[in-house]
file protein19.txt (compact mmCIF, C-alpha atoms)
# COMPACT_ATOMS: atom_id res chain seq x y z
CA MET H 1008 -10.16 2.41 0.14
CA ILE H 1009 -9.36 -0.99 1.62
CA THR H 1010 -12.80 -1.85 2.96
CA PHE H 1011 -14.97 -0.88 -0.01
CA ARG H 1012 -18.04 -2.95 -0.83
CA PRO H 1013 -18.20 -4.58 -4.28
CA ASP H 1014 -20.66 -1.91 -5.46
CA GLU H 1015 -18.12 0.79 -4.44
CA GLU H 1016 -15.31 -0.61 -6.59
CA PRO H 1017 -15.40 2.22 -9.19
CA TRP H 1018 -14.93 4.78 -6.39
CA ALA H 1019 -12.04 2.78 -4.88
CA LEU H 1020 -10.25 2.35 -8.20
CA GLU H 1021 -10.58 6.07 -8.94
CA ALA H 1022 -9.05 6.78 -5.53
CA PHE H 1023 -6.11 4.45 -6.34
CA HIS H 1024 -5.58 6.27 -9.65
CA THR H 1025 -5.65 9.64 -7.87
CA TYR H 1026 -3.14 8.62 -5.19
CA LEU H 1027 -0.82 7.08 -7.76
CA ARG H 1028 -0.89 10.16 -9.94
CA LEU H 1029 0.01 12.31 -6.93
CA PHE H 1030 2.95 10.01 -6.15
CA GLU H 1031 4.09 10.11 -9.78
CA LEU H 1032 3.95 13.90 -9.93
CA HIS H 1033 5.96 14.25 -6.72
CA VAL H 1034 8.73 11.68 -7.07
CA ASP H 1035 11.02 14.06 -5.19
CA TYR H 1036 8.97 13.69 -1.99
CA TYR H 1037 9.36 10.98 0.61
CA TRP H 1038 6.18 8.98 0.98
CA ILE H 1039 5.34 6.43 3.64
CA VAL H 1040 2.34 4.45 2.47
CA ASP H 1041 0.97 1.64 4.59
CA ARG H 1042 0.74 -1.13 1.95
CA PHE H 1043 -2.70 0.10 0.99
CA HIS H 1044 -3.01 -2.00 -2.16
CA LEU H 1045 -1.82 -5.21 -0.46
CA SER H 1046 -4.19 -4.65 2.45
CA THR H 1047 -6.99 -4.10 -0.05
CA ILE H 1048 -6.29 -7.43 -1.75
CA SER H 1049 -6.24 -9.21 1.61
CA TYR H 1050 -9.40 -7.55 2.91
CA GLN H 1051 -11.39 -8.15 -0.27
CA ARG H 1052 -10.39 -11.85 -0.20
CA SER H 1053 -11.34 -12.35 3.43
CA GLN H 1054 -14.54 -10.29 3.50
CA TYR H 1055 -16.02 -10.84 0.04
CA GLY H 1056 -14.15 -13.85 -1.40
CA ARG H 1057 -13.08 -11.71 -4.36
CA GLU H 1058 -9.73 -11.31 -6.05
CA CYS H 1059 -8.81 -7.68 -6.63
CA ASP H 1060 -6.25 -7.41 -9.41
CA LEU H 1061 -4.16 -4.46 -8.28
CA ARG H 1062 -0.98 -5.46 -10.09
CA TRP H 1063 -1.18 -2.16 -11.99
CA VAL H 1064 -0.92 -0.32 -8.64
CA ASP H 1065 2.14 -2.39 -7.75
CA GLU H 1066 3.75 -1.67 -11.13
CA ARG H 1067 3.18 2.07 -10.91
CA LEU H 1068 4.54 2.22 -7.34
CA ALA H 1069 7.63 0.30 -8.50
CA ALA H 1070 8.09 2.65 -11.46
CA ALA H 1071 7.85 5.64 -9.09
CA GLY H 1072 10.75 4.22 -7.05
CA PHE H 1073 8.81 3.01 -4.03
CA ARG H 1074 10.28 0.48 -1.63
CA LEU H 1075 8.26 -2.14 0.24
CA VAL H 1076 9.24 -3.14 3.77
CA THR H 1077 7.34 -6.02 5.35
CA LEU H 1078 7.72 -6.00 9.12
CA THR H 1079 7.23 -9.36 10.80
CA ARG H 1080 7.69 -10.95 14.18
CA ARG H 1081 8.06 -14.49 15.43
CA PRO H 1082 4.69 -16.06 16.24
CA ASP H 1083 5.77 -16.73 19.83
CA SER H 1084 6.25 -12.98 20.38
CA PHE H 1085 2.71 -11.88 19.50
CA GLU H 1086 1.44 -12.05 23.09
CA MET H 1087 4.18 -9.70 24.34
CA ALA H 1088 3.66 -7.36 21.38
CA ARG H 1089 -0.08 -7.25 22.06
CA GLU H 1090 0.54 -6.10 25.64
CA GLU H 1091 2.74 -3.27 24.37
CA ARG H 1092 0.23 -2.31 21.67
CA LEU H 1093 -2.76 -2.22 24.03
CA VAL H 1094 -1.15 0.66 25.94
CA TYR H 1095 -1.87 3.10 23.10
CA SER H 1096 -4.30 1.34 20.76
CA GLU H 1097 -7.55 3.04 19.84
CA ASN H 1098 -8.96 -0.34 18.75
CA PRO H 1099 -7.95 -2.93 21.36
CA TRP H 1100 -10.52 -5.40 20.00
CA ARG H 1101 -8.24 -5.91 16.96
CA TYR H 1102 -5.73 -7.75 19.12
CA THR H 1103 -7.91 -10.39 20.79
CA ASP H 1104 -7.36 -13.23 18.28
CA LEU H 1105 -3.61 -13.78 18.03
CA ASP H 1106 -4.04 -16.69 15.61
CA LYS H 1107 -5.77 -14.33 13.16
CA LEU H 1108 -2.93 -11.82 13.50
CA ILE H 1109 -0.41 -14.56 12.74
CA ARG H 1110 -2.43 -15.66 9.67
CA ASP H 1111 -2.69 -12.03 8.53
CA GLN H 1112 1.07 -11.63 8.88
CA GLU H 1113 1.61 -14.71 6.73
CA GLU H 1114 -0.69 -13.36 4.04
CA MET H 1115 1.10 -9.99 4.04
CA ARG H 1116 4.42 -11.82 3.70
CA GLU H 1117 3.08 -13.71 0.67
CA LEU H 1118 1.65 -10.58 -0.94
CA GLY H 1119 4.88 -8.68 -0.29
CA ALA H 1120 6.97 -11.48 -1.78
CA ALA H 1121 4.80 -11.46 -4.93
CA SER H 1122 5.16 -7.69 -5.37
CA CYS H 1123 7.31 -6.26 -8.16
CA ILE H 1124 8.35 -3.39 -5.87
CA THR H 1125 11.93 -3.56 -4.56
CA SER H 1126 11.30 -5.12 -1.18
CA THR H 1127 12.69 -6.60 2.00
CA GLU H 1128 11.33 -8.32 5.08
CA ILE H 1129 12.51 -7.37 8.56
CA ASP H 1130 11.82 -9.38 11.69
CA VAL H 1131 11.23 -6.78 14.42
CA THR H 1132 10.84 -9.23 17.31
CA ASP H 1133 14.07 -8.30 19.05
CA PHE H 1134 14.39 -4.67 17.95
CA SER H 1135 13.10 -1.36 19.27
CA VAL H 1136 11.22 1.07 17.06
CA ASP H 1137 14.39 3.18 16.70
CA GLN H 1138 16.51 0.16 15.75
CA THR H 1139 13.90 -0.94 13.23
CA ALA H 1140 13.74 2.55 11.71
CA ASP H 1141 17.54 2.59 11.38
CA ARG H 1142 17.49 -0.80 9.64
CA ILE H 1143 14.83 0.42 7.22
CA ILE H 1144 16.71 3.63 6.39
CA ASP H 1145 19.96 1.69 5.89
CA TRP H 1146 18.23 -0.72 3.50
CA VAL H 1147 16.50 2.05 1.54
CA GLU H 1148 19.85 3.80 1.19
CA GLU H 1149 21.57 0.55 0.09
CA THR H 1150 18.95 0.08 -2.62
CA GLU H 1151 19.41 3.69 -3.82
CA GLY H 1152 15.89 4.62 -2.81
CA LEU H 1153 16.68 7.35 -0.32
CA TYR H 1154 16.83 10.17 -2.84
CA ARG H 1155 16.02 10.14 -6.49
CA ALA H 1156 16.39 13.40 -8.34
CA PRO H 1157 13.24 13.95 -10.35
CA ASP H 1158 13.45 14.03 -14.11
CA ARG H 1159 10.47 16.22 -14.86
CA ALA H 1160 10.71 15.26 -18.54
CA GLU H 1161 9.69 11.71 -17.56
CA ILE H 1162 6.52 12.92 -15.90
CA LEU H 1163 3.98 13.22 -18.66
CA VAL H 1164 0.91 15.32 -18.09
CA GLN H 1165 -1.83 12.92 -19.02
CA SER H 1166 -5.06 13.95 -20.70
CA VAL H 1167 -8.10 14.10 -18.50
CA GLU H 1168 -11.68 13.60 -19.52
CA PRO H 1169 -14.94 14.39 -17.79
CA HIS H 1170 -16.66 11.33 -16.33
CA GLY H 1171 -20.26 10.65 -17.14
CA GLY H 1172 -20.66 13.89 -19.07
CA VAL H 1173 -21.12 15.88 -15.87
CA GLY H 1174 -18.12 18.12 -16.49
CA ARG H 1175 -16.09 16.76 -13.59
CA SER H 1176 -12.49 16.05 -14.54
CA SER H 1177 -10.49 13.11 -13.32
CA SER H 1178 -6.84 12.15 -13.35
CA THR H 1179 -7.73 8.77 -14.83
CA PRO H 1180 -5.67 8.36 -18.01
CA LEU H 1181 -7.60 7.93 -21.24
CA GLY H 1182 -7.80 4.44 -22.63
CA ASP H 1183 -7.37 2.52 -19.37
CA GLY H 1184 -10.82 0.95 -19.71
CA PHE H 1185 -12.00 2.39 -16.44
CA GLU H 1186 -15.37 4.12 -16.36
CA ILE H 1187 -16.67 6.13 -13.40
CA PRO H 1188 -20.43 6.29 -13.06
CA PRO H 1189 -21.89 9.75 -12.38
CA ARG H 1190 -22.52 10.43 -8.70

call {"tool": "encode", "arguments": {"input": "protein19.txt", "output": "structure tokens"}}
result
Amino acid sequence: MITFRPDEEPWALEAFHTYLRLFELHVDYYWIVDRFHLSTISYQRSQYGRECDLRWVDERLAAAGFRLVTLTRRPDSFEMAREERLVYSENPWRYTDLDKLIRDQEEMRELGAASCITSTEIDVTDFSVDQTADRIIDWVEETEGLYRAPDRAEILVQSVEPHGGVGRSSSTPLGDGFEIPPR
């Protein structure tokens, strides 16, 4: 969904709606989602010079009780981190331009700071994966995000309508102004 072309925007937005609805219906599950809406905003800016307004995604994730953890590292540690990453990376070419990685980190920090989701930033430079995971779990627990008993009465079953008159249903709520062209 992140790398969609401008002409694929209706498909991408429908996918966002679908994922969000799944998250809303299963608030009792633990989800780890890799900042997909923030990465989409960043990618669309850098590749197409377009601003994707995904604030509605942010708001729905916040309402569903999501937490946002932005992992960072000191710029002087990127070289060492690249060496560790290259051991198991399927895409080593992603790590050739360290300046780009540092710029990307800065943009993710800005997008994370602007989010309405309860969030924190953790510098992982001097921590192992296990130590970082422990810090994340501790923070999620401190912010009462570790377990939230679902109130099924809050989860409204929204009306669905066929798109384009082809009889295919969608989870897109009525009245959101979003139209899916027939495929």

call {"tool": "closest_atom_pairs", "arguments": {"input": "protein19.txt", "of": "region 1024-1060 of chain H", "to": "region 1109-1112 of chain H", "cutoff": "12 Å", "atoms": "all atoms listed in the file", "output": "Markdown table"}}
result
| residue | atom | partner | partner_atom | distance |
| --- | --- | --- | --- | --- |
| H:Leu1045 | CA | H:Asp1111 | CA | 11.3 |
| H:Ser1046 | CA | H:Asp1111 | CA | 9.7 |
| H:Ile1048 | CA | H:Asp1111 | CA | 11.8 |
| H:Ser1049 | CA | H:Asp1111 | CA | 8.3 |
| H:Tyr1050 | CA | H:Asp1111 | CA | 9.8 |
| H:Arg1052 | CA | H:Asp1111 | CA | 11.6 |
| H:Ser1053 | CA | H:Asp1111 | CA | 10.0 |

call {"tool": "residues_around", "arguments": {"input": "protein19.txt", "residues": "region 1143-1148 of chain H", "least_positions_apart": "5", "cutoff": "10 Å", "atoms": "only C-alpha atoms", "output": "PDB file with C-alpha atoms, keeping the file's coordinate frame"}}
result
ATOM      1  CA  PHE H1073       8.810   3.010  -4.030  1.00  0.00           C
ATOM      2  CA  ARG H1074      10.280   0.480  -1.630  1.00  0.00           C
ATOM      3  CA  LEU H1075       8.260  -2.140   0.240  1.00  0.00           C
ATOM      4  CA  VAL H1076       9.240  -3.140   3.770  1.00  0.00           C
ATOM      5  CA  LEU H1078       7.720  -6.000   9.120  1.00  0.00           C
ATOM      6  CA  THR H1125      11.930  -3.560  -4.560  1.00  0.00           C
ATOM      7  CA  SER H1126      11.300  -5.120  -1.180  1.00  0.00           C
ATOM      8  CA  THR H1127      12.690  -6.600   2.000  1.00  0.00           C
ATOM      9  CA  GLU H1128      11.330  -8.320   5.080  1.00  0.00           C
ATOM     10  CA  ILE H1129      12.510  -7.370   8.560  1.00  0.00           C
ATOM     11  CA  ASP H1137      14.390   3.180  16.700  1.00  0.00           C
ATOM     12  CA  GLN H1138      16.510   0.160  15.750  1.00  0.00           C
ATOM     13  CA  LEU H1153      16.680   7.350  -0.320  1.00  0.00           C
ATOM     14  CA  TYR H1154      16.830  10.170  -2.840  1.00  0.00           C
TER      15      TYR H1154
END

call {"tool": "closest_residue", "arguments": {"input": "protein19.txt", "among": "H:Glu1021, H:Tyr1026, H:Ala1069, H:Arg1080", "to": "Thr1139 (chain H)", "atoms": "all atoms listed in the file"}}
result
H:Arg1080

call {"tool": "closest_residue", "arguments": {"input": "protein19.txt", "among": "H:Cys1123, H:Val1136, H:Met1008, H:Ala1070", "to": "Gln1051 (chain H)", "atoms": "all atoms listed in the file"}}
result
H:Met1008

call {"tool": "atom_distance", "arguments": {"input": "protein19.txt", "atom1": "CA of Thr1025 (chain H)", "atom2": "CA of Leu1068 (chain H)"}}
result
12.6 Å

call {"tool": "atom_distance", "arguments": {"input": "protein19.txt", "atom1": "CA of Arg1067 (chain H)", "atom2": "CA of Leu1108 (chain H)"}}
result
28.7 Å

call {"tool": "closest_residue", "arguments": {"input": "protein19.txt", "among": "H:Glu1016, H:Glu1149, H:Glu1113, H:Glu1090", "to": "Thr1047 (chain H)", "atoms": "all atoms listed in the file"}}
result
H:Glu1016

call {"tool": "atom_distance", "arguments": {"input": "protein19.txt", "atom1": "CA of Asp1106 (chain H)", "atom2": "CA of Pro1082 (chain H)"}}
result
8.8 Å

call {"tool": "residues_around", "arguments": {"input": "protein19.txt", "residues": "Arg1089 (chain H)", "least_positions_apart": "5", "cutoff": "12 Å", "atoms": "all atoms listed in the file", "output": "MDAnalysis selection string"}}
result
chainID H and resid 1080 1082:1084 1094:1096 1098:1105 1108:1109

call {"tool": "residues_around", "arguments": {"input": "protein19.txt", "residues": "Pro1013 (chain H)", "least_positions_apart": "6", "cutoff": "10 Å", "atoms": "all atoms listed in the file", "output": "PyMOL selection string"}}
result
chain H and resi 1019+1051+1055+1057

call {"tool": "write_last_selection", "arguments": {"input": "protein19.txt", "atoms": "C-alpha atoms", "output": "PDB file, in the frame of the given file"}}
result
ATOM      1  CA  ALA H1019     -12.040   2.780  -4.880  1.00  0.00           C
ATOM      2  CA  GLN H1051     -11.390  -8.150  -0.270  1.00  0.00           C
ATOM      3  CA  TYR H1055     -16.020 -10.840   0.040  1.00  0.00           C
ATOM      4  CA  ARG H1057     -13.080 -11.710  -4.360  1.00  0.00           C
TER       5      ARG H1057
END
